[in-house]
file work.cif (mmCIF, C-alpha atoms and all ligand atoms)
data_run
loop_
_atom_site.label_atom_id
_atom_site.label_comp_id
_atom_site.auth_asym_id
_atom_site.auth_seq_id
_atom_site.Cartn_x
_atom_site.Cartn_y
_atom_site.Cartn_z
CA MET Q 14 -18.78 -2.32 -0.14
CA HIS Q 15 -17.91 -3.43 -3.70
CA PRO Q 16 -19.16 -7.03 -4.19
CA THR Q 17 -15.77 -8.21 -5.45
CA LEU Q 18 -14.12 -7.22 -2.13
CA GLN Q 19 -14.16 -10.53 -0.29
CA PRO Q 20 -13.14 -10.99 3.36
CA LEU Q 21 -9.97 -12.98 4.04
CA PRO Q 22 -10.31 -15.46 6.93
CA MET Q 23 -7.71 -13.92 9.28
CA PRO Q 24 -8.21 -13.80 13.07
CA ASP Q 25 -7.78 -10.42 14.83
CA ALA Q 26 -8.03 -8.67 11.47
CA GLU Q 27 -10.44 -7.20 8.97
CA VAL Q 28 -9.00 -7.66 5.50
CA TYR Q 29 -10.83 -7.67 2.15
CA PHE Q 30 -9.40 -8.48 -1.25
CA ALA Q 31 -10.60 -7.93 -4.83
CA PRO Q 32 -8.11 -9.58 -7.23
CA ASP Q 33 -9.74 -8.06 -10.36
CA PHE Q 34 -10.81 -4.63 -9.13
CA ILE Q 35 -9.53 -2.79 -12.26
CA PRO Q 36 -9.54 -4.75 -15.56
CA GLY Q 37 -6.05 -5.48 -16.97
CA PRO Q 38 -5.95 -3.10 -19.97
CA GLN Q 39 -7.23 -0.19 -17.89
CA ALA Q 40 -4.79 -1.02 -15.09
CA ASP Q 41 -1.95 -0.96 -17.67
CA THR Q 42 -2.98 2.53 -18.78
CA TYR Q 43 -3.06 3.79 -15.17
CA PHE Q 44 0.36 2.21 -14.58
CA MET Q 45 1.89 4.09 -17.55
CA GLN Q 46 0.29 7.39 -16.58
CA LEU Q 47 1.60 7.10 -13.02
CA MET Q 48 5.10 6.10 -14.17
CA GLU Q 49 5.25 9.30 -16.23
CA GLN Q 50 3.38 11.80 -14.10
CA VAL Q 51 4.23 11.00 -10.48
CA ASN Q 52 7.05 12.94 -8.83
CA TRP Q 53 8.97 9.81 -7.77
CA GLN Q 54 11.56 10.31 -5.03
CA GLN Q 55 14.49 8.27 -3.82
CA GLU Q 56 14.25 8.68 -0.04
CA SER Q 57 16.75 7.44 2.52
CA ILE Q 58 16.22 5.61 5.80
CA LYS Q 59 18.51 5.28 8.81
CA LEU Q 60 19.51 1.64 9.33
CA PHE Q 61 21.84 0.87 12.23
CA GLY Q 62 22.78 4.56 12.37
CA LYS Q 63 23.65 4.79 8.67
CA LEU Q 64 21.63 6.51 5.94
CA GLN Q 65 20.69 4.02 3.21
CA PRO Q 66 18.60 4.53 0.06
CA MET Q 67 15.13 3.00 0.46
CA PRO Q 68 14.73 -0.13 -1.70
CA ARG Q 69 11.92 1.50 -3.74
CA LEU Q 70 10.86 4.95 -4.98
CA THR Q 71 8.03 6.75 -3.21
CA ALA Q 72 5.70 9.73 -3.57
CA TRP Q 73 3.14 11.31 -1.29
CA TYR Q 74 0.04 13.20 -2.40
CA GLY Q 75 -2.69 14.51 -0.19
CA ASP Q 76 -4.30 17.30 1.70
CA LYS Q 77 -2.01 17.19 4.78
CA SER Q 78 1.64 16.50 5.57
CA TYR Q 79 2.35 13.15 7.15
CA THR Q 80 5.33 11.55 8.87
CA TYR Q 81 6.13 8.05 7.61
CA SER Q 82 9.22 6.01 8.56
CA GLY Q 83 10.49 9.15 10.28
CA LEU Q 84 10.23 11.16 7.03
CA GLU Q 85 8.08 14.23 6.84
CA ASN Q 86 6.09 14.10 3.61
CA LYS Q 87 5.02 17.50 2.31
CA PRO Q 88 1.65 17.33 0.58
CA GLN Q 89 1.54 17.69 -3.21
CA ALA Q 90 -1.67 18.51 -5.07
CA TRP Q 91 -3.63 15.50 -6.36
CA LEU Q 92 -2.91 14.66 -10.01
CA PRO Q 93 -6.09 14.08 -12.05
CA VAL Q 94 -5.23 10.37 -12.44
CA LEU Q 95 -4.80 10.03 -8.68
CA GLN Q 96 -8.08 11.82 -8.11
CA GLU Q 97 -9.80 9.38 -10.50
CA LEU Q 98 -8.34 6.35 -8.72
CA ARG Q 99 -9.19 7.81 -5.31
CA GLU Q 100 -12.85 8.17 -6.36
CA GLN Q 101 -13.00 4.54 -7.53
CA VAL Q 102 -11.45 3.29 -4.29
CA GLU Q 103 -13.75 5.49 -2.19
CA GLN Q 104 -16.83 4.16 -4.00
CA ALA Q 105 -15.68 0.56 -3.63
CA THR Q 106 -14.81 0.76 0.06
CA GLY Q 107 -17.48 3.25 1.15
CA HIS Q 108 -14.94 5.50 2.91
CA THR Q 109 -12.99 8.66 2.09
CA TYR Q 110 -9.21 9.09 1.93
CA ASN Q 111 -7.30 12.39 2.08
CA SER Q 112 -3.84 11.03 1.24
CA VAL Q 113 -2.06 8.47 -0.87
CA LEU Q 114 1.43 7.03 -0.51
CA LEU Q 115 2.79 5.56 -3.74
CA ASN Q 116 5.55 2.96 -3.92
CA LEU Q 117 7.43 2.01 -7.08
CA TYR Q 118 9.16 -1.38 -6.99
CA ARG Q 119 11.53 -1.16 -9.95
CA SER Q 120 12.65 -4.80 -9.82
CA GLY Q 121 12.53 -7.87 -7.58
CA GLN Q 122 15.31 -6.29 -5.54
CA ASP Q 123 12.98 -3.51 -4.42
CA SER Q 124 10.96 -4.40 -1.33
CA MET Q 125 9.29 -3.27 1.88
CA GLY Q 126 10.19 -4.88 5.21
CA TRP Q 127 7.87 -6.10 7.98
CA HIS Q 128 5.85 -3.25 9.43
CA ALA Q 129 2.36 -2.13 10.42
CA ASP Q 130 0.73 1.09 9.30
CA ASN Q 131 -0.01 2.20 12.83
CA GLU Q 132 1.21 5.80 12.94
CA GLN Q 133 -0.83 7.94 15.35
CA ALA Q 134 -1.91 10.20 12.51
CA LEU Q 135 -3.94 7.30 11.07
CA GLY Q 136 -6.10 7.02 14.19
CA PRO Q 137 -6.81 4.02 16.45
CA GLN Q 138 -8.09 1.74 13.66
CA PRO Q 139 -6.24 2.71 10.50
CA ARG Q 140 -7.98 1.97 7.22
CA ILE Q 141 -5.57 1.35 4.33
CA ALA Q 142 -6.87 0.75 0.80
CA SER Q 143 -4.03 -0.61 -1.29
CA LEU Q 144 -4.19 -0.74 -5.09
CA SER Q 145 -1.62 -2.68 -7.14
CA LEU Q 146 -0.67 -1.88 -10.75
CA GLY Q 147 1.91 -3.54 -13.00
CA GLY Q 148 3.98 -6.62 -12.20
CA GLU Q 149 2.58 -9.06 -9.66
CA ARG Q 150 4.38 -9.25 -6.30
CA ARG Q 151 3.76 -11.43 -3.24
CA PHE Q 152 2.42 -9.73 -0.16
CA ALA Q 153 2.84 -11.44 3.19
CA PHE Q 154 1.08 -11.04 6.53
CA LYS Q 155 2.25 -12.47 9.86
CA HIS Q 156 0.56 -12.29 13.25
CA ARG Q 157 2.61 -10.26 15.72
CA ASN Q 158 2.44 -12.68 18.65
CA ARG Q 159 0.30 -15.77 17.97
CA LYS Q 160 2.43 -18.73 16.95
CA ASP Q 161 -0.68 -20.84 16.26
CA VAL Q 162 -1.79 -18.54 13.45
CA GLU Q 163 -0.35 -19.30 10.00
CA PRO Q 164 1.20 -16.47 7.98
CA VAL Q 165 -0.87 -15.40 4.97
CA ARG Q 166 0.64 -14.97 1.49
CA LEU Q 167 -1.23 -13.16 -1.22
CA PRO Q 168 -0.24 -12.51 -4.85
CA LEU Q 169 -1.07 -8.88 -5.60
CA GLN Q 170 -1.81 -8.84 -9.29
CA ASN Q 171 -2.28 -5.94 -11.70
CA GLY Q 172 -5.52 -4.13 -10.81
CA SER Q 173 -6.09 -5.78 -7.42
CA LEU Q 174 -7.39 -3.96 -4.34
CA LEU Q 175 -6.59 -4.93 -0.75
CA LEU Q 176 -8.41 -3.25 2.14
CA MET Q 177 -7.06 -3.45 5.70
CA GLN Q 178 -9.12 -2.00 8.54
CA GLY Q 179 -10.38 -2.59 12.08
CA PRO Q 180 -7.76 -4.16 14.38
CA THR Q 181 -5.52 -5.44 11.53
CA GLN Q 182 -2.57 -3.07 12.12
CA HIS Q 183 -2.55 -3.85 15.85
CA HIS Q 184 -2.19 -7.59 15.46
CA TRP Q 185 -0.52 -8.19 12.10
CA LEU Q 186 2.62 -7.08 10.26
CA HIS Q 187 2.96 -7.06 6.47
CA GLN Q 188 5.75 -6.94 3.92
CA ILE Q 189 6.69 -7.15 0.24
CA PRO Q 190 9.76 -9.42 0.24
CA LYS Q 191 12.50 -9.24 -2.36
CA THR Q 192 12.35 -11.93 -5.04
CA THR Q 193 14.86 -13.44 -7.46
CA ARG Q 194 12.03 -14.24 -9.91
CA ALA Q 195 11.89 -12.04 -13.00
CA VAL Q 196 9.17 -9.49 -12.20
CA GLN Q 197 7.89 -6.42 -13.99
CA PRO Q 198 7.96 -3.05 -12.22
CA ARG Q 199 5.03 -2.56 -9.85
CA ILE Q 200 3.26 0.53 -8.52
CA ASN Q 201 1.34 0.35 -5.25
CA LEU Q 202 -0.97 3.10 -4.02
CA THR Q 203 -2.02 3.06 -0.38
CA PHE Q 204 -4.93 5.40 0.24
CA ARG Q 205 -5.16 6.62 3.83
CA GLN Q 206 -7.17 9.02 5.97
CA VAL Q 207 -4.76 11.21 7.95
CA ILE Q 208 -6.52 12.75 10.92
CA SER Q 209 -3.95 14.94 12.67
O1 LIG Q 301 3.45 -2.46 -1.85
C1 LIG Q 301 2.62 -2.92 -1.06
O2 LIG Q 301 1.69 -3.63 -1.44
C2 LIG Q 301 2.76 -2.66 0.41
C3 LIG Q 301 2.79 -1.21 0.74
C4 LIG Q 301 2.81 -0.97 2.20
O3 LIG Q 301 2.89 -1.88 2.99
C5 LIG Q 301 2.76 0.39 2.72
O4 LIG Q 301 2.79 1.36 1.93
O5 LIG Q 301 2.69 0.53 3.94
#

call {"tool": "encode", "arguments": {"input": "work.cif", "output": "structure tokens"}}
result
Amino acid sequence: MHPTLQPLPMPDAEVYFAPDFIPGPQADTYFMQLMEQVNWQQESIKLFGKLQPMPRLTAWYGDKSYTYSGLENKPQAWLPVLQELREQVEQATGHTYNSVLLNLYRSGQDSMGWHADNEQALGPQPRIASLSLGGERRFAFKHRNRKDVEPVRLPLQNGSLLLMQGPTQHHWLHQIPKTTRAVQPRINLTFRQVIS
């Protein structure tokens, strides 16, 4: 594993974090390329029986289709820039990924609610390698059922890499909360290995 990926001291989890995985200027270039080249979509989700626009834009690239939040994502061919980032993340984590879900948080009003990435298609111990580009946002973890365990808050800065594996998705939820602070747009790429 890449030496900058350091373990976070979280019980019932296996989480590693490299705050400076991609140097700032290079991360800025990747951010601009992805803003321009990715086929960003405004998807909808059903909330209390009503269709609502998701509070972020998304895109799915990979070798297989994948159902996420009840949405079937048709695979799109890897863009060269995504292929390049995938190779860097594979080298750093020592594992392969056949899919990437991208999220674009246009402003502090864009967000992702509490959830775990525990879809069956990710296998019994999902491994999620999550790269952040652009404006810094706060990421939060909370244990699903242990009240004695403190929540964990982590600023995800431009160029940082967060790796979640092992039992993490079974015991912890995570989110990107909305913020009223002035924040720059942020792109997040979550590399995954879809097995079914
Ligand atoms: O934007 C992030 O850092 C979180 C993304 C996430 O939780 C997900 O794609 O499942």

call {"tool": "axis_aligned_box", "arguments": {"input": "work.cif", "around": "ligand LIG 301 (chain Q)", "padding_each_side": "5 Å", "output": "lines of an AutoDock Vina configuration file"}}
result
center_x = 2.6
center_y = -1.1
center_z = 1.0
size_x = 11.8
size_y = 15.0
size_z = 15.8

call {"tool": "residues_near_ligand", "arguments": {"input": "work.cif", "ligand": "ligand LIG 301 (chain Q)", "cutoff": "8 Å", "atoms": "only C-alpha atoms and all ligand atoms", "output": "list in words"}}
result
Leu114, Leu115, Asn116, Leu117, Tyr118, Ser124, Met125, His128, Ala129, Asp130, Ser143, Leu144, Ser145, Arg150, Phe152, Leu169, His187, Gln188, Ile189, Ile200, Asn201, Leu202 and Thr203 of chain Q

call {"tool": "residues_around", "arguments": {"input": "work.cif", "residues": "Glu132 of chain Q", "least_positions_apart": "3", "cutoff": "12 Å", "atoms": "all atoms listed in the file", "output": "ChimeraX atom specification"}}
result
/Q:79-83,128-129,135-141,182-183,205-209

call {"tool": "residues_near_point", "arguments": {"input": "work.cif", "point": "(5.3, 7.3, -4.2)", "cutoff": "12 Å", "atoms": "only C-alpha atoms", "output": "ChimeraX atom specification"}}
result
/Q:47-48,50-56,67,69-75,81,86,88-89,95,112-119,199-204

call {"tool": "residues_around", "arguments": {"input": "work.cif", "residues": "Pro180 of chain Q", "least_positions_apart": "5", "cutoff": "8 Å", "atoms": "all atoms listed in the file", "output": "list in words"}}
result
Asp25, Ala26, Glu27 and Gln138 of chain Q

call {"tool": "atom_distance", "arguments": {"input": "work.cif", "atom1": "atom CA of Leu146 of chain Q", "atom2": "atom CA of Ser173 of chain Q"}}
result
7.5 Å

call {"tool": "atom_distance", "arguments": {"input": "work.cif", "atom1": "atom CA of Arg166 of chain Q", "atom2": "atom CA of Ala134 of chain Q"}}
result
27.6 Å

call {"tool": "atom_distance", "arguments": {"input": "work.cif", "atom1": "atom CA of Gly179 of chain Q", "atom2": "atom CA of Thr106 of chain Q"}}
result
13.2 Å

call {"tool": "residues_near_point", "arguments": {"input": "work.cif", "point": "(20.0, -1.1, 0.9)", "cutoff": "12 Å", "atoms": "only C-alpha atoms", "output": "list in words"}}
result
Gln55, Glu56, Ser57, Ile58, Lys59, Leu60, Phe61, Lys63, Leu64, Gln65, Pro66, Met67, Pro68, Arg69, Gln122, Asp123, Ser124, Met125, Gly126 and Lys191 of chain Q

call {"tool": "closest_residue", "arguments": {"input": "work.cif", "among": "Q:Pro190, Q:Gly172, Q:Pro198, Q:Gly37", "to": "Ala153 of chain Q", "atoms": "all atoms listed in the file"}}
result
Q:Pro190

call {"tool": "residues_around", "arguments": {"input": "work.cif", "residues": "Glu49 of chain Q", "least_positions_apart": "5", "cutoff": "12 Å", "atoms": "all atoms listed in the file", "output": "PyMOL selection string"}}
result
chain Q and resi 42-44+92+94+117+200

call {"tool": "closest_residue", "arguments": {"input": "work.cif", "among": "Q:Thr17, Q:Asn131, Q:Gln46, Q:Ser78", "to": "Thr181 of chain Q", "atoms": "all atoms listed in the file"}}
result
Q:Asn131

call {"tool": "closest_residue", "arguments": {"input": "work.cif", "among": "Q:Asp76, Q:Trp185, Q:Tyr29, Q:Gly121", "to": "Pro164 of chain Q", "atoms": "only C-alpha atoms"}}
result
Q:Trp185

call {"tool": "closest_residue", "arguments": {"input": "work.cif", "among": "Q:Ala90, Q:Leu98, Q:Met14, Q:Leu174", "to": "Phe34 of chain Q", "atoms": "all atoms listed in the file"}}
result
Q:Leu174

call {"tool": "closest_residue", "arguments": {"input": "work.cif", "among": "Q:Glu97, Q:Glu85, Q:Glu163, Q:Glu103", "to": "His15 of chain Q", "atoms": "all atoms listed in the file"}}
result
Q:Glu103

call {"tool": "closest_residue", "arguments": {"input": "work.cif", "among": "Q:Asp33, Q:Trp91, Q:Asn111, Q:Met45", "to": "Pro168 of chain Q", "atoms": "all atoms listed in the file"}}
result
Q:Asp33

call {"tool": "residues_around", "arguments": {"input": "work.cif", "residues": "Asn158 of chain Q", "least_positions_apart": "2", "cutoff": "8 Å", "atoms": "all atoms listed in the file", "output": "ChimeraX atom specification"}}
result
/Q:156,160,184

call {"tool": "write_last_selection", "arguments": {"input": "work.cif", "atoms": "C-alpha atoms", "output": "short mmCIF file (atom, residue, chain, number, x, y, z; two decimals), in the coordinates of the input"}}
result
data_model
loop_
_atom_site.label_atom_id
_atom_site.label_comp_id
_atom_site.auth_asym_id
_atom_site.auth_seq_id
_atom_site.Cartn_x
_atom_site.Cartn_y
_atom_site.Cartn_z
CA HIS Q 156 0.56 -12.29 13.25
CA LYS Q 160 2.43 -18.73 16.95
CA HIS Q 184 -2.19 -7.59 15.46
#

call {"tool": "decode", "arguments": {"input": "work.cif", "residues": "segment 189-203 of chain Q", "atoms": "N, CA and C atoms", "output": "CSV table (one decimal), in the first residue's frame"}}
result
chain,number,residue,atom,x,y,z
Q,189,ILE,N,-21.8,13.2,3.3
Q,189,ILE,CA,-21.2,14.6,3.0
Q,189,ILE,C,-22.4,15.5,3.3
Q,190,PRO,N,-22.3,16.2,4.5
Q,190,PRO,CA,-23.5,17.1,4.8
Q,190,PRO,C,-23.4,18.4,4.0
Q,191,LYS,N,-24.6,19.0,3.9
Q,191,LYS,CA,-24.7,20.3,3.3
Q,191,LYS,C,-23.9,21.3,4.2
Q,192,THR,N,-23.4,22.4,3.6
Q,192,THR,CA,-22.8,23.4,4.4
Q,192,THR,C,-23.2,24.8,3.9
Q,193,THR,N,-23.2,25.7,4.8
Q,193,THR,CA,-23.5,27.1,4.5
Q,193,THR,C,-22.2,27.9,4.2
Q,194,ARG,N,-21.1,27.3,4.5
Q,194,ARG,CA,-19.8,27.9,4.2
Q,194,ARG,C,-19.7,28.1,2.7
Q,195,ALA,N,-18.9,29.1,2.2
Q,195,ALA,CA,-18.6,29.2,0.8
Q,195,ALA,C,-17.6,28.1,0.4
Q,196,VAL,N,-18.0,27.2,-0.5
Q,196,VAL,CA,-17.1,26.1,-0.9
Q,196,VAL,C,-17.1,26.1,-2.4
Q,197,GLN,N,-16.0,25.7,-3.0
Q,197,GLN,CA,-15.8,25.5,-4.4
Q,197,GLN,C,-16.4,24.2,-4.8
Q,198,PRO,N,-16.8,24.1,-6.1
Q,198,PRO,CA,-17.3,22.8,-6.5
Q,198,PRO,C,-16.3,21.7,-6.3
Q,199,ARG,N,-16.8,20.5,-6.0
Q,199,ARG,CA,-16.0,19.3,-5.7
Q,199,ARG,C,-16.4,18.1,-6.5
Q,200,ILE,N,-15.4,17.4,-7.0
Q,200,ILE,CA,-15.7,16.1,-7.7
Q,200,ILE,C,-15.1,15.0,-6.8
Q,201,ASN,N,-15.9,14.0,-6.6
Q,201,ASN,CA,-15.5,12.8,-5.9
Q,201,ASN,C,-15.6,11.6,-6.8
Q,202,LEU,N,-14.6,10.7,-6.8
Q,202,LEU,CA,-14.6,9.5,-7.6
Q,202,LEU,C,-14.5,8.3,-6.7
Q,203,THR,N,-15.5,7.4,-6.7
Q,203,THR,CA,-15.4,6.3,-5.8
Q,203,THR,C,-15.2,5.0,-6.7
